[in-house]
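Below: work-v1.cif (mmCIF, C-alpha atoms)
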data_my_file
loop_
_atom_site.label_atom_id
_atom_site.label_comp_id
_atom_site.auth_asym_id
_atom_site.auth_seq_id
_atom_site.Cartn_x
_atom_site.Cartn_y
_atom_site.Cartn_z
CA MET A 1 41.90 -20.29 -1.75
CA THR A 2 44.75 -21.43 0.43
CA ALA A 3 47.02 -19.42 -1.84
CA GLU A 4 44.88 -16.38 -1.07
CA GLY A 5 45.60 -16.85 2.61
CA HIS A 6 42.41 -18.58 3.64
CA LYS A 7 42.68 -21.39 6.11
CA VAL A 8 40.63 -24.09 4.49
CA VAL A 9 39.64 -27.62 5.40
CA SER A 10 37.37 -29.95 3.52
CA LEU A 11 35.24 -32.83 4.57
CA THR A 12 33.46 -35.45 2.51
CA GLY A 13 31.60 -38.64 3.14
CA GLY A 14 34.91 -40.40 2.55
CA TYR A 15 36.20 -39.39 5.94
CA GLU A 16 34.95 -41.19 8.94
CA GLY A 17 35.21 -41.41 12.67
CA ALA A 18 38.25 -39.85 14.27
CA GLN A 19 39.54 -38.19 11.12
CA ARG A 20 36.23 -36.48 10.64
CA ASP A 21 36.18 -35.26 14.23
CA VAL A 22 39.64 -33.76 13.86
CA ILE A 23 38.53 -31.79 10.81
CA ILE A 24 35.36 -30.55 12.45
CA ASP A 25 37.19 -29.63 15.65
CA SER A 26 39.75 -27.67 13.68
CA PHE A 27 36.90 -25.70 12.16
CA ARG A 28 34.95 -25.40 15.39
CA MET A 29 37.95 -24.01 17.22
CA GLY A 30 38.63 -21.50 14.48
CA HIS A 31 41.99 -22.89 13.34
CA ALA A 32 40.39 -23.27 9.94
CA LYS A 33 38.01 -20.53 8.92
CA VAL A 34 36.58 -22.06 5.79
CA LEU A 35 35.07 -25.50 5.60
CA ILE A 36 34.30 -26.98 2.21
CA THR A 37 31.90 -29.86 2.30
CA THR A 38 29.02 -31.68 0.65
CA ASN A 39 25.60 -32.53 1.97
CA VAL A 40 27.16 -34.81 4.58
CA LEU A 41 27.25 -31.75 6.81
CA ALA A 42 24.12 -29.96 5.66
CA ARG A 43 22.18 -31.24 8.62
CA GLY A 44 22.99 -31.27 12.25
CA ILE A 45 26.39 -29.67 12.62
CA ASP A 46 26.32 -26.76 15.02
CA VAL A 47 29.22 -24.33 14.95
CA GLN A 48 27.97 -21.10 16.40
CA SER A 49 30.56 -18.82 14.84
CA VAL A 50 29.55 -19.55 11.25
CA SER A 51 28.60 -16.19 9.77
CA MET A 52 28.26 -17.22 6.16
CA VAL A 53 27.11 -20.21 4.17
CA VAL A 54 27.94 -20.47 0.47
CA ASN A 55 25.93 -22.66 -1.85
CA TYR A 56 28.50 -23.07 -4.59
CA ASP A 57 25.83 -25.13 -6.32
CA VAL A 58 22.09 -24.69 -6.01
CA PRO A 59 20.84 -27.64 -3.93
CA ASP A 60 18.96 -30.12 -6.08
CA LYS A 61 17.94 -33.74 -6.00
CA PHE A 62 17.85 -36.50 -8.56
CA ILE A 63 14.37 -37.69 -9.44
CA GLY A 64 15.28 -40.27 -12.06
CA HIS A 65 15.45 -40.14 -15.85
CA GLY A 66 18.43 -37.83 -15.67
CA LYS A 67 16.38 -35.08 -14.10
CA PHE A 68 17.22 -32.90 -11.14
CA VAL A 69 14.78 -30.67 -9.30
CA ALA A 70 15.18 -28.03 -6.61
CA ASP A 71 15.73 -29.36 -3.10
CA PRO A 72 14.25 -26.81 -0.66
CA GLN A 73 14.84 -29.01 2.40
CA THR A 74 18.56 -29.26 1.77
CA TYR A 75 18.73 -25.54 1.07
CA LEU A 76 17.09 -24.78 4.39
CA HIS A 77 19.31 -27.13 6.36
CA ARG A 78 22.41 -25.71 4.67
CA ILE A 79 21.64 -22.06 5.30
CA GLY A 80 20.60 -22.98 8.83
CA ARG A 81 24.29 -23.71 9.57
CA THR A 82 24.60 -19.97 10.03
CA GLY A 83 22.46 -17.66 12.13
CA ARG A 84 22.60 -20.14 15.01
CA PHE A 85 20.58 -19.21 18.05
CA GLY A 86 19.65 -15.75 16.97
CA ARG A 87 23.01 -14.71 15.57
CA VAL A 88 22.97 -13.11 12.16
CA GLY A 89 24.29 -14.82 9.09
CA VAL A 90 24.47 -14.54 5.34
CA ALA A 91 23.60 -17.23 2.84
CA VAL A 92 25.09 -16.78 -0.62
CA THR A 93 24.03 -18.94 -3.54
CA PHE A 94 25.90 -19.07 -6.85
CA VAL A 95 23.72 -19.08 -9.93
CA SER A 96 25.34 -19.69 -13.30
CA SER A 97 22.58 -20.88 -15.61
CA ARG A 98 18.91 -20.54 -16.31
CA GLY A 99 18.37 -23.96 -14.73
CA ASP A 100 20.11 -22.82 -11.52
CA TRP A 101 17.98 -19.72 -11.43
CA ASP A 102 14.75 -21.66 -11.95
CA LYS A 103 15.63 -23.99 -9.09
CA LEU A 104 16.51 -21.16 -6.76
CA MET A 105 13.29 -19.31 -7.55
CA GLU A 106 11.39 -22.49 -6.80
CA ILE A 107 13.08 -22.64 -3.39
CA ARG A 108 12.33 -18.96 -2.83
CA LYS A 109 8.69 -19.56 -3.57
CA TYR A 110 8.53 -22.66 -1.41
CA PHE A 111 9.67 -20.75 1.67
CA ASN A 112 8.04 -17.48 0.66
CA THR A 113 11.30 -15.80 1.54
CA GLU A 114 13.33 -12.89 0.30
CA MET A 115 16.46 -13.34 -1.80
CA THR A 116 18.47 -10.43 -3.09
CA LYS A 117 20.24 -10.59 -6.41
CA VAL A 118 23.75 -9.18 -6.39
CA ALA A 119 25.44 -8.49 -9.73
CA THR A 120 29.04 -9.57 -10.14
CA ASP A 121 30.18 -7.16 -12.83
CA ASP A 122 30.78 -4.18 -10.55
CA TRP A 123 32.73 -5.15 -7.47
CA ASP A 124 32.55 -1.78 -5.77
CA GLU A 125 28.82 -1.91 -5.97
CA LEU A 126 28.79 -5.52 -4.88
CA GLU A 127 30.77 -4.61 -1.80
CA ASP A 128 28.41 -1.74 -0.97
CA GLN A 129 25.38 -3.87 -1.57
CA VAL A 130 26.55 -6.81 0.47
CA THR A 131 27.68 -4.59 3.34
CA LYS A 132 24.27 -2.93 3.37
CA ILE A 133 22.47 -6.25 3.27
CA ILE A 134 24.46 -7.56 6.19
CA LYS A 135 23.77 -4.42 8.18
CA SER A 136 20.07 -4.53 7.40
CA SER A 137 19.88 -8.14 8.47
CA ARG A 138 21.33 -7.11 11.78
CA ALA A 139 18.65 -4.45 12.12
CA GLY A 140 15.89 -6.78 10.96
CA THR A 141 16.57 -9.67 13.25
CA ASN A 142 14.31 -10.44 16.12
CA PHE A 143 17.27 -11.35 18.24
CA GLN A 144 19.26 -8.21 18.69
CA ASP A 145 21.83 -7.87 21.41
CA GLY A 146 19.25 -6.59 23.82
CA ALA A 147 17.11 -9.65 23.33
CA LYS A 148 20.08 -11.90 23.94
CA MET A 149 20.62 -10.20 27.25
CA GLY A 150 17.16 -11.28 28.28
CA GLY A 151 15.67 -8.00 27.11
CA MET A 152 17.40 -6.07 29.87
CA GLN A 153 19.10 -3.75 27.45
CA MET A 154 17.56 -1.69 24.70
CA MET B 1 11.30 -51.86 25.23
CA LEU B 2 11.39 -48.37 26.59
CA PRO B 3 9.76 -47.59 29.92
CA LYS B 4 6.28 -46.14 29.56
CA ASN B 5 6.96 -43.03 31.57
CA ILE B 6 9.71 -41.52 29.44
CA GLN B 7 9.05 -38.58 27.21
CA ILE B 8 10.27 -38.55 23.63
CA VAL B 9 10.51 -35.34 21.65
CA LEU B 10 11.38 -35.28 17.96
CA PHE B 11 12.47 -32.16 16.10
CA SER B 12 13.10 -31.31 12.51
CA ALA B 13 13.22 -28.13 10.51
CA THR B 14 11.90 -29.95 7.49
CA PHE B 15 9.42 -32.77 7.80
CA PRO B 16 8.28 -33.85 4.37
CA ASP B 17 4.77 -35.33 4.21
CA ASN B 18 5.97 -38.92 4.07
CA VAL B 19 7.89 -38.46 7.32
CA VAL B 20 4.89 -36.80 8.97
CA ASN B 21 2.77 -39.78 7.91
CA TYR B 22 5.35 -42.20 9.22
CA ALA B 23 5.51 -40.33 12.53
CA VAL B 24 1.77 -40.78 12.96
CA GLN B 25 2.18 -44.55 12.57
CA PHE B 26 5.27 -44.65 14.74
CA ALA B 27 3.74 -42.60 17.54
CA PRO B 28 -0.04 -42.56 17.22
CA GLY B 29 -1.77 -39.94 19.29
CA ALA B 30 1.41 -37.94 19.87
CA ASN B 31 1.23 -34.17 20.16
CA GLN B 32 2.40 -32.35 17.07
CA MET B 33 3.45 -28.80 16.50
CA THR B 34 4.14 -27.88 12.91
CA LEU B 35 5.00 -24.73 11.01
CA GLN B 36 4.02 -23.95 7.45
CA HIS B 37 7.02 -24.13 5.17
CA GLN B 38 6.42 -20.47 4.32
CA ASP B 39 7.27 -19.64 7.93
CA LEU B 40 10.48 -21.59 8.29
CA THR B 41 13.23 -19.18 7.34
CA VAL B 42 14.50 -16.75 9.94
CA GLU B 43 15.06 -13.04 9.48
CA GLY B 44 18.55 -13.22 10.90
CA ILE B 45 19.79 -15.11 7.87
CA LYS B 46 20.06 -12.78 4.92
CA GLN B 47 19.80 -14.60 1.63
CA ILE B 48 21.50 -13.36 -1.49
CA TYR B 49 22.48 -14.86 -4.80
CA LEU B 50 25.28 -14.03 -7.17
CA ASP B 51 24.70 -14.11 -10.88
CA CYS B 52 27.67 -15.77 -12.56
CA ASP B 53 28.24 -15.92 -16.30
CA SER B 54 29.29 -19.54 -16.32
CA ASP B 55 30.24 -22.46 -14.16
CA GLN B 56 33.89 -21.62 -14.74
CA ALA B 57 33.36 -18.05 -13.59
CA LYS B 58 32.11 -19.20 -10.21
CA TYR B 59 35.51 -19.97 -8.78
CA ASP B 60 36.98 -16.56 -9.61
CA ILE B 61 33.94 -14.92 -8.13
CA LEU B 62 34.22 -17.04 -5.00
CA VAL B 63 37.84 -16.06 -4.42
CA LYS B 64 37.12 -12.41 -5.13
CA PHE B 65 34.14 -12.50 -2.83
CA TYR B 66 36.23 -13.88 -0.01
CA GLY B 67 38.87 -11.27 -0.67
CA LEU B 68 36.27 -8.57 -0.33
CA MET B 69 34.55 -9.58 2.83
CA THR B 70 35.86 -9.97 6.29
CA ILE B 71 34.17 -13.18 7.12
CA GLY B 72 34.37 -15.11 10.35
CA SER B 73 33.90 -18.81 9.89
CA SER B 74 32.08 -19.98 6.82
CA ILE B 75 30.97 -23.18 5.15
CA ILE B 76 31.00 -23.72 1.40
CA PHE B 77 28.66 -26.43 0.17
CA VAL B 78 29.44 -28.07 -3.14
CA LYS B 79 27.43 -30.71 -4.88
CA VAL B 80 29.76 -33.57 -5.71
CA CYS B 81 33.29 -34.32 -6.80
CA LEU B 82 34.76 -32.54 -3.82
CA ASP B 83 38.18 -33.88 -4.70
CA ASP B 84 38.01 -32.26 -8.10
CA PHE B 85 36.89 -29.06 -6.48
CA ALA B 86 39.63 -29.27 -3.92
CA SER B 87 42.32 -29.86 -6.47
CA MET B 88 40.89 -27.05 -8.54
CA LEU B 89 41.36 -24.81 -5.58
CA SER B 90 44.81 -26.37 -5.20
CA MET B 91 44.29 -26.32 -1.51
CA GLU B 92 45.12 -28.48 1.40
CA THR B 93 42.52 -31.17 1.61
CA ASN B 94 43.86 -32.27 4.92
CA ILE B 95 43.95 -31.10 8.41
CA ILE B 96 45.56 -27.80 9.23
#
Please render this file's structure as structure tokens.
Amino acid sequence: MTAEGHKVVSLTGGYEGAQRDVIIDSFRMGHAKVLITTNVLARGIDVQSVSMVVNYDVPDKFIGHGKFVADPQTYLHRIGRTGRFGRVGVAVTFVSSRGDWDKLMEIRKYFNTEMTKVATDDWDELEDQVTKIIKSSRAGTNFQDGAKMGGMQM
Amino acid sequence: MLPKNIQIVLFSATFPDNVVNYAVQFAPGANQMTLQHQDLTVEGIKQIYLDCDSDQAKYDILVKFYGLMTIGSSIIFVKVCLDDFASMLSMETNII
């Protein structure tokens, strides 16, 4: 992705203390626009400018005997890194197998929420679709600009 | 011990039942406000998923997706083996 011109940093549990702060600050201040991380950051971090969260893998948890099941809590905490304080955000999850799909549908059901499937074989359509979705989320939010201004502006 | 007159407020987006039960032991008689898990997601976060043919296809799709969209800041969550992922992306794993 760096080769494509994206400014990327990554953070794992292996980093600690000061090093970790430097990475997060670089992201927070916008020097790096993409942060790649694991569940170490799924909870708690608050960077208000995050407009998209990508689940490169469907969040799951190990329940023993080699089995993994859907992890709705982690999903919710991850996607909650965007849309901070009434801003709008997009959460994109990559699904590449029947097992992934089953887990994601379980999460969908758990939160009784809406998830839109976007096909990846037609990129023009994908672009249209995603643009529309983002626009509609702006229209659908309860926290439009007017509301942010204390409801002074319609 | 903490003074008796301080107020403690605990928040979480996701309290599983075992934590709720623990909280009752930890702070008996405390006021609780809970939401059903069906009511937790917010409308401002639009959720989509991309159907990928295989695990290997995901990376190409990711790069293409980023090429397509003008995105402000974003976070990509991966499961494990971040180093493998990072080297796959042949990207800087360090500070910019």
Next item on the list: Name the closest residue to chain A among the candidates B:Ala57, B:Ile45, B:Ile6, B:Met69; distances are taken between atoms, counting all atoms listed in the file.
Entry: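 Ranked by minimum distance to chain A, first place goes to B:Ile45.
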Notebook entry, point to check: If the PyMOL selection byres ((chain B and resi 34-36) around 10) is run on the structure shown, which residues does it catch, given as a list in words?
Noted result: Phe111 of chain A; Phe11, Ser12, Ala13, Thr14, Phe15, Val20, Gln32, Met33, His37, Gln38, Asp39 and Leu40 of chain B
Notebook entry, point to check: Using only C-alpha atoms, which residue out of A:Lys33, A:Val50, A:Val22, A:Gly14 lies closest to A:Met1?
Noted result: A:Lys33
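Taking all atoms listed in the file into account, A:Asn112 lies nearest to A:Pro72 out of the set A:Glu127, A:Arg78, A:Pro72, A:Val8.
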Margin query: Tell me as a PyMOL selection string which residues belonging to chain A come within 6 Å of chain B, counting all atoms listed in the file.
Written below: chain A and resi 1-2+9-10+23+33-38+49-57+73+83+88-96+111-112+115-119+137+141
Checklist line | Interatomic distance, atom CA of A:Lys109 to atom CA of A:Glu125 (Å, one decimal) | finding: 26.9 Å
